[in-house]
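Asker: If you scroll down you'll find the structure; I have some questions about it.
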Amino acid sequence: MDMVMKLGSTSSVVIFTKSSCCISHSIETLIRSFGANPTVSELDRHPNGKQIEKALIEPGCKPSVPAIFIGNEFIGGSNEIMSLNVRSKLKQLLIRANAIWV
């Protein structure tokens with residue numbers, strides 16, 4: 001999990017995904033719609049992708065992708081992001097992480 005946390009802290013918003021995951025693409029599009037520019041790491045194209053995916057499953061991220069870090073904090077998967085968005089809390093989280101400015 002240390003490697004995942006390190007990668008998750010490389011940007012204000014980091015999304016771990018797979019190139020074939022349509023939900024991941026939707027989450028990325030949602031986050032970009034606020035003006036954020038997430039770092040996207042496609043595990044099926046990453047040299048350590050299998051190890052990273054295993055590490056994401058450990059803390060309970062099932063399925064393993066998408067896995068979203070905002071402001072160096074593991075937020076969770078698509079359900080958590082959609083829930084934050086529905087409750088109008090996603091934008092505030094992105095602002096606090098300096099991923100967007102208003």
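Here's how to read the names in the structure tokens: chain A, B, ... by the order shown, residue numbers from 1 in each chain, ligand numbers from 1 in the order shown.
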Determine, for each residue of region 11-41 of chain A having at least one atom at most 12 Å from an atom of region 93-102 of chain A, the closest pair of atoms and their separation in Å to one decimal, counting only C-alpha atoms; order by chain and ascending number, as JSON lines.

Answerer:
{"residue": "A:Ser11", "atom": "CA", "partner": "A:Ala99", "partner_atom": "CA", "distance": 8.4}
{"residue": "A:Ser12", "atom": "CA", "partner": "A:Ala99", "partner_atom": "CA", "distance": 5.2}
{"residue": "A:Val13", "atom": "CA", "partner": "A:Ala99", "partner_atom": "CA", "distance": 6.7}
{"residue": "A:Val14", "atom": "CA", "partner": "A:Ala99", "partner_atom": "CA", "distance": 10.4}
{"residue": "A:Leu30", "atom": "CA", "partner": "A:Leu94", "partner_atom": "CA", "distance": 11.8}
{"residue": "A:Ile31", "atom": "CA", "partner": "A:Leu94", "partner_atom": "CA", "distance": 8.6}
{"residue": "A:Arg32", "atom": "CA", "partner": "A:Ile100", "partner_atom": "CA", "distance": 9.7}
{"residue": "A:Ser33", "atom": "CA", "partner": "A:Ile100", "partner_atom": "CA", "distance": 10.6}
{"residue": "A:Phe34", "atom": "CA", "partner": "A:Ile100", "partner_atom": "CA", "distance": 7.3}
{"residue": "A:Gly35", "atom": "CA", "partner": "A:Ile100", "partner_atom": "CA", "distance": 6.1}
{"residue": "A:Ala36", "atom": "CA", "partner": "A:Ala99", "partner_atom": "CA", "distance": 5.4}
{"residue": "A:Asn37", "atom": "CA", "partner": "A:Ala99", "partner_atom": "CA", "distance": 7.2}
{"residue": "A:Pro38", "atom": "CA", "partner": "A:Ala99", "partner_atom": "CA", "distance": 8.1}
{"residue": "A:Thr39", "atom": "CA", "partner": "A:Ala99", "partner_atom": "CA", "distance": 10.9}

Asker: Residues of chain A classed as strand (DSSP E or B) by DSSP on the backbone are to be reported as number ranges by chain.

Answerer: A: 13-17, 39-42, 67-70, 73-76

Asker: Give the helix (DSSP H, G or I) residues of chain A, as DSSP finds them on the backbone, and put them as a VMD selection string.

Answerer: chain A and resid 2 to 8 22 to 33 49 to 57 78 to 86 90 to 96

Asker: Compile the contact shell of Pro63 (chain A) as a PyMOL selection string: residues with an atom at most 10 Å away, counting only C-alpha atoms, same-chain residues fewer than 4 positions apart removed.

Answerer: chain A and resi 53+56-57+67+77-78

Asker: So, with only C-alpha atoms as the atoms that count, which of A:Met82, A:Ile15, A:Val4, A:Ala55 lies closest to Ser41 (chain A)?

Answerer: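 Between A:Met82, A:Ile15, A:Val4, A:Ala55, the residue approaching Ser41 (chain A) most closely is A:Ile15.
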
Asker: Hey, which of A:Gln51, A:Arg45, A:Phe74, A:Val65 ends up closest to Thr17 (chain A)? Count only C-alpha atoms.

Answerer: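 Among the listed residues, A:Val65 lies closest to Thr17 (chain A).
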
Asker: Identify which of the residues A:Ile68, A:Ile81, A:Val40, A:Cys21 lies closest to Met5 (chain A), counting only C-alpha atoms when measuring atom-to-atom distances.

Answerer: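 Between A:Ile68, A:Ile81, A:Val40, A:Cys21, the residue approaching Met5 (chain A) most closely is A:Ile68.
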
Asker: Quick one: pull the distance between CA of Glu42 (chain A) and CA of Ser19 (chain A), Å, one decimal.

Answerer: 5.8 Å

Asker: Provide the CA of Glu58 (chain A) to CA of Asp44 (chain A) distance in Å, to one decimal place.

Answerer: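 Distance reported for this atom pair: 18.3 Å.
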
Asker: Counting only C-alpha atoms, which residue out of A:Ile52, A:Met3, A:Gly76, A:Pro66 sits closest to Lys18 (chain A)?

Answerer: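 Closest to Lys18 (chain A) of all the choices is A:Pro66.
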
Asker: Would you compute the distance between CA of Lys50 (chain A) and CA of Asn85 (chain A)? Give it in Å to one decimal.

Answerer: 29.5 Å
